[in-house]
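This is entry-v7.txt (compact mmCIF, N, CA, C and O atoms).
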```
# COMPACT_ATOMS: atom_id res chain seq x y z
N MET A 497 230.34 174.90 66.56
CA MET A 497 231.05 174.43 67.74
C MET A 497 231.46 172.98 67.54
O MET A 497 230.84 172.23 66.81
N HIS A 498 232.45 172.55 68.28
CA HIS A 498 232.98 171.20 68.18
C HIS A 498 232.57 170.38 69.41
O HIS A 498 233.39 170.06 70.26
N TYR A 499 231.31 170.05 69.50
CA TYR A 499 230.83 169.32 70.67
C TYR A 499 231.30 167.87 70.68
O TYR A 499 231.47 167.27 71.71
N GLY A 500 231.51 167.26 69.52
CA GLY A 500 231.94 165.88 69.44
C GLY A 500 233.35 165.67 70.00
O GLY A 500 233.66 164.62 70.55
N HIS A 501 234.21 166.66 69.90
CA HIS A 501 235.58 166.53 70.38
C HIS A 501 235.69 166.81 71.88
O HIS A 501 236.69 166.49 72.48
N HIS A 502 234.66 167.34 72.44
CA HIS A 502 234.68 167.66 73.88
C HIS A 502 234.77 166.39 74.72
O HIS A 502 235.36 166.40 75.80
N PHE A 503 234.23 165.28 74.23
CA PHE A 503 234.26 164.01 74.97
C PHE A 503 235.69 163.54 75.20
O PHE A 503 236.00 162.96 76.22
N TRP A 504 236.59 163.78 74.26
CA TRP A 504 237.96 163.27 74.37
C TRP A 504 238.86 164.18 75.20
O TRP A 504 240.01 163.88 75.40
N GLY A 505 238.34 165.26 75.71
CA GLY A 505 239.15 166.14 76.55
C GLY A 505 239.13 165.65 77.99
O GLY A 505 239.35 164.48 78.28
N MET A 506 238.87 166.53 78.91
CA MET A 506 238.85 166.18 80.33
C MET A 506 237.71 165.24 80.68
O MET A 506 237.80 164.50 81.64
N HIS A 507 236.64 165.26 79.90
CA HIS A 507 235.53 164.35 80.20
C HIS A 507 235.99 162.89 80.13
O HIS A 507 235.58 162.08 80.93
N PHE A 508 236.81 162.57 79.16
CA PHE A 508 237.33 161.20 79.05
C PHE A 508 238.13 160.83 80.29
O PHE A 508 237.99 159.74 80.83
N PHE A 509 238.94 161.75 80.78
CA PHE A 509 239.71 161.51 81.99
C PHE A 509 238.80 161.24 83.18
O PHE A 509 239.04 160.31 83.95
N TRP A 510 237.74 162.03 83.33
CA TRP A 510 236.85 161.84 84.47
C TRP A 510 236.06 160.55 84.38
O TRP A 510 235.81 159.91 85.39
N TRP A 511 235.68 160.13 83.19
CA TRP A 511 235.01 158.83 83.04
C TRP A 511 235.94 157.71 83.51
O TRP A 511 235.53 156.83 84.27
N ILE A 512 237.17 157.75 83.06
CA ILE A 512 238.14 156.73 83.47
C ILE A 512 238.38 156.78 84.98
O ILE A 512 238.42 155.76 85.65
N PHE A 513 238.51 157.99 85.51
CA PHE A 513 238.72 158.16 86.95
C PHE A 513 237.60 157.53 87.76
O PHE A 513 237.85 156.76 88.70
N TRP A 514 236.34 157.83 87.42
CA TRP A 514 235.22 157.30 88.20
C TRP A 514 235.04 155.80 88.01
O TRP A 514 234.66 155.10 88.94
N ILE A 515 235.35 155.29 86.84
CA ILE A 515 235.29 153.84 86.63
C ILE A 515 236.33 153.14 87.50
O ILE A 515 236.03 152.13 88.14
N ILE A 516 237.52 153.68 87.58
CA ILE A 516 238.57 153.10 88.44
C ILE A 516 238.16 153.16 89.90
O ILE A 516 238.35 152.20 90.64
N ILE A 517 237.60 154.28 90.32
CA ILE A 517 237.15 154.42 91.71
C ILE A 517 236.08 153.37 92.04
O ILE A 517 236.13 152.72 93.08
N LEU A 518 235.10 153.21 91.17
CA LEU A 518 234.03 152.23 91.41
C LEU A 518 234.56 150.80 91.44
O LEU A 518 234.16 150.00 92.29
N ILE A 519 235.47 150.48 90.53
CA ILE A 519 236.06 149.14 90.54
C ILE A 519 236.84 148.93 91.84
O ILE A 519 236.76 147.87 92.47
N TRP A 520 237.57 149.94 92.27
CA TRP A 520 238.35 149.83 93.50
C TRP A 520 237.43 149.62 94.71
O TRP A 520 237.72 148.81 95.57
N ILE A 521 236.32 150.33 94.76
CA ILE A 521 235.39 150.21 95.89
C ILE A 521 234.79 148.81 95.95
O ILE A 521 234.74 148.18 97.01
N PHE A 522 234.33 148.31 94.81
CA PHE A 522 233.64 147.03 94.82
C PHE A 522 234.57 145.83 94.76
O PHE A 522 234.17 144.72 95.11
N ALA A 523 235.80 146.01 94.35
CA ALA A 523 236.73 144.88 94.24
C ALA A 523 237.66 144.77 95.44
O ALA A 523 238.37 143.78 95.56
N THR A 524 237.67 145.74 96.32
CA THR A 524 238.55 145.70 97.48
C THR A 524 238.04 144.66 98.47
O THR A 524 236.88 144.69 98.87
N PRO A 525 238.90 143.74 98.88
CA PRO A 525 238.46 142.74 99.86
C PRO A 525 238.24 143.39 101.22
O PRO A 525 238.86 144.40 101.55
N TYR A 526 237.38 142.79 102.00
CA TYR A 526 237.08 143.35 103.32
C TYR A 526 238.21 143.07 104.30
O TYR A 526 238.44 143.84 105.21
N ASN A 527 238.91 141.96 104.14
CA ASN A 527 240.04 141.67 105.02
C ASN A 527 241.31 142.16 104.36
O ASN A 527 241.99 141.44 103.65
N LEU A 528 241.63 143.41 104.60
CA LEU A 528 242.81 144.00 104.00
C LEU A 528 244.06 143.47 104.71
O LEU A 528 244.02 143.18 105.90
N PRO A 529 245.17 143.36 104.00
CA PRO A 529 246.38 142.80 104.62
C PRO A 529 246.87 143.57 105.83
O PRO A 529 247.45 143.01 106.73
N GLY A 530 246.64 144.86 105.89
CA GLY A 530 247.11 145.66 107.01
C GLY A 530 246.29 145.49 108.28
O GLY A 530 246.72 145.85 109.37
N GLN A 531 245.11 144.95 108.15
CA GLN A 531 244.24 144.79 109.31
C GLN A 531 244.61 143.52 110.06
O GLN A 531 244.89 142.49 109.47
N ARG A 532 244.56 143.60 111.35
CA ARG A 532 244.83 142.43 112.18
C ARG A 532 243.51 141.94 112.76
O ARG A 532 243.06 142.41 113.80
N THR A 533 242.88 141.04 112.05
CA THR A 533 241.63 140.48 112.56
C THR A 533 241.93 139.12 113.15
O THR A 533 242.45 138.23 112.48
N LYS A 534 241.65 138.98 114.41
CA LYS A 534 241.92 137.73 115.10
C LYS A 534 240.63 136.92 115.17
O LYS A 534 239.61 137.41 115.64
N THR A 535 240.72 135.70 114.71
CA THR A 535 239.57 134.81 114.85
C THR A 535 239.70 134.08 116.18
O THR A 535 240.79 133.69 116.59
N GLU A 536 238.57 133.93 116.82
CA GLU A 536 238.57 133.28 118.13
C GLU A 536 238.69 131.77 117.97
O GLU A 536 238.02 131.16 117.15
N THR A 537 239.56 131.20 118.77
CA THR A 537 239.69 129.75 118.80
C THR A 537 238.63 129.19 119.74
O THR A 537 238.06 129.93 120.57
N PRO A 538 238.33 127.91 119.64
CA PRO A 538 237.36 127.32 120.58
C PRO A 538 237.77 127.50 122.04
O PRO A 538 236.92 127.71 122.90
N LEU A 539 239.07 127.46 122.32
CA LEU A 539 239.53 127.65 123.69
C LEU A 539 239.27 129.08 124.16
O LEU A 539 238.89 129.30 125.32
N ASP A 540 239.43 130.06 123.26
CA ASP A 540 239.13 131.45 123.61
C ASP A 540 237.65 131.61 123.96
O ASP A 540 237.30 132.31 124.91
N ILE A 541 236.80 130.98 123.18
CA ILE A 541 235.36 131.05 123.43
C ILE A 541 235.03 130.39 124.76
O ILE A 541 234.23 130.91 125.55
N LEU A 542 235.68 129.27 125.03
CA LEU A 542 235.45 128.57 126.31
C LEU A 542 235.87 129.44 127.49
O LEU A 542 235.14 129.53 128.48
N LYS A 543 237.02 130.09 127.36
CA LYS A 543 237.49 130.97 128.44
C LYS A 543 236.53 132.14 128.65
O LYS A 543 236.26 132.53 129.79
N LYS A 544 236.01 132.67 127.56
CA LYS A 544 235.07 133.78 127.67
C LYS A 544 233.78 133.33 128.36
O LYS A 544 233.24 134.04 129.20
N ARG A 545 233.29 132.15 127.99
CA ARG A 545 232.06 131.63 128.63
C ARG A 545 232.27 131.40 130.12
O ARG A 545 231.39 131.66 130.93
N PHE A 546 233.46 130.91 130.49
CA PHE A 546 233.76 130.70 131.91
C PHE A 546 233.85 132.03 132.65
O PHE A 546 233.33 132.17 133.75
N ALA A 547 234.46 133.01 132.02
CA ALA A 547 234.60 134.33 132.64
C ALA A 547 233.25 135.01 132.83
O ALA A 547 233.04 135.75 133.79
N GLN A 548 232.32 134.75 131.92
CA GLN A 548 230.98 135.34 132.03
C GLN A 548 230.07 134.57 132.98
O GLN A 548 228.96 134.99 133.24
N GLY A 549 230.54 133.43 133.47
CA GLY A 549 229.75 132.65 134.41
C GLY A 549 228.74 131.74 133.75
O GLY A 549 227.83 131.24 134.43
N GLU A 550 228.86 131.48 132.47
CA GLU A 550 227.91 130.61 131.77
C GLU A 550 228.14 129.14 132.09
O GLU A 550 227.21 128.35 132.03
N ILE A 551 229.39 128.78 132.41
CA ILE A 551 229.71 127.39 132.74
C ILE A 551 230.47 127.36 134.06
O ILE A 551 231.10 128.34 134.47
N THR A 552 230.41 126.21 134.72
CA THR A 552 231.11 126.05 136.00
C THR A 552 232.57 125.72 135.76
O THR A 552 232.98 125.43 134.63
N LYS A 553 233.33 125.72 136.86
CA LYS A 553 234.75 125.41 136.76
C LYS A 553 234.96 123.97 136.30
O LYS A 553 235.86 123.69 135.51
N GLU A 554 234.11 123.08 136.78
CA GLU A 554 234.22 121.68 136.40
C GLU A 554 233.95 121.51 134.90
O GLU A 554 234.66 120.77 134.20
N ASP A 555 232.92 122.20 134.39
CA ASP A 555 232.63 122.14 132.96
C ASP A 555 233.79 122.71 132.15
O ASP A 555 234.16 122.16 131.10
N PHE A 556 234.34 123.79 132.66
CA PHE A 556 235.47 124.43 131.96
C PHE A 556 236.65 123.47 131.86
O PHE A 556 237.23 123.30 130.78
N GLU A 557 237.01 122.86 132.99
CA GLU A 557 238.16 121.94 133.00
C GLU A 557 237.91 120.75 132.08
O GLU A 557 238.81 120.33 131.34
N GLU A 558 236.70 120.21 132.10
CA GLU A 558 236.37 119.04 131.27
C GLU A 558 236.46 119.39 129.78
O GLU A 558 237.07 118.67 128.99
N LYS A 559 235.87 120.52 129.42
CA LYS A 559 235.88 120.92 128.01
C LYS A 559 237.27 121.34 127.55
O LYS A 559 237.66 121.12 126.41
N LYS A 560 238.04 121.92 128.46
CA LYS A 560 239.40 122.32 128.14
C LYS A 560 240.26 121.10 127.84
O LYS A 560 241.02 121.08 126.87
N LYS A 561 240.13 120.06 128.67
CA LYS A 561 240.88 118.82 128.42
C LYS A 561 240.49 118.21 127.09
O LYS A 561 241.32 117.71 126.35
N PHE A 562 239.20 118.24 126.78
CA PHE A 562 238.72 117.70 125.51
C PHE A 562 239.31 118.47 124.33
O PHE A 562 239.77 117.89 123.35
N LEU A 563 239.30 119.80 124.43
CA LEU A 563 239.82 120.63 123.34
C LEU A 563 241.33 120.46 123.17
O LEU A 563 241.85 120.45 122.06
N GLU A 564 242.04 120.35 124.28
CA GLU A 564 243.50 120.20 124.19
C GLU A 564 243.87 118.81 123.70
O GLU A 564 244.94 118.62 123.12
N GLY A 565 243.01 117.84 123.90
CA GLY A 565 243.26 116.48 123.45
C GLY A 565 243.09 116.32 121.95
O GLY A 565 243.65 115.43 121.33
N ASN A 566 242.30 117.20 121.34
CA ASN A 566 242.04 117.09 119.89
C ASN A 566 242.97 117.93 119.11
O ASN A 566 243.31 118.93 119.10
```

Mind turning the file's structure into structure tokens?
Amino acid sequence: MHYGHHFWGMHFFWWIFWIIILIWIFATPYNLPGQRTKTETPLDILKKRFAQGEITKEDFEEKKKFLEGN
């Protein structure tokens, strides 16, 4: 039998296929270009804290002026 030549048949193709798949899985960045990931700005966080009642209106206005000034 020709067992040594069997490696260069379909087995070679499958080795290459799985190596490409593994490289693709581990090399793919988590922030893909098609995804729309929005990072929160400090003003967004401030608005959220005000909406949740963590800060008063006076604190919100003061911090908002500070953020808009910078």

Pairwise distance, CA of Leu539 (chain A) with CA of Phe562 (chain A), equals 10.1 Å

Correct to one decimal, the distance atom O of Ala547 (chain A)-atom C of Glu564 (chain A) is 22.5 Å

Practice item. Go ahead and compute the interatomic distance for CA of Thr524 (chain A) and CA of Trp511 (chain A), in Å to one decimal. Key: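 It comes out at 19.8 Å.
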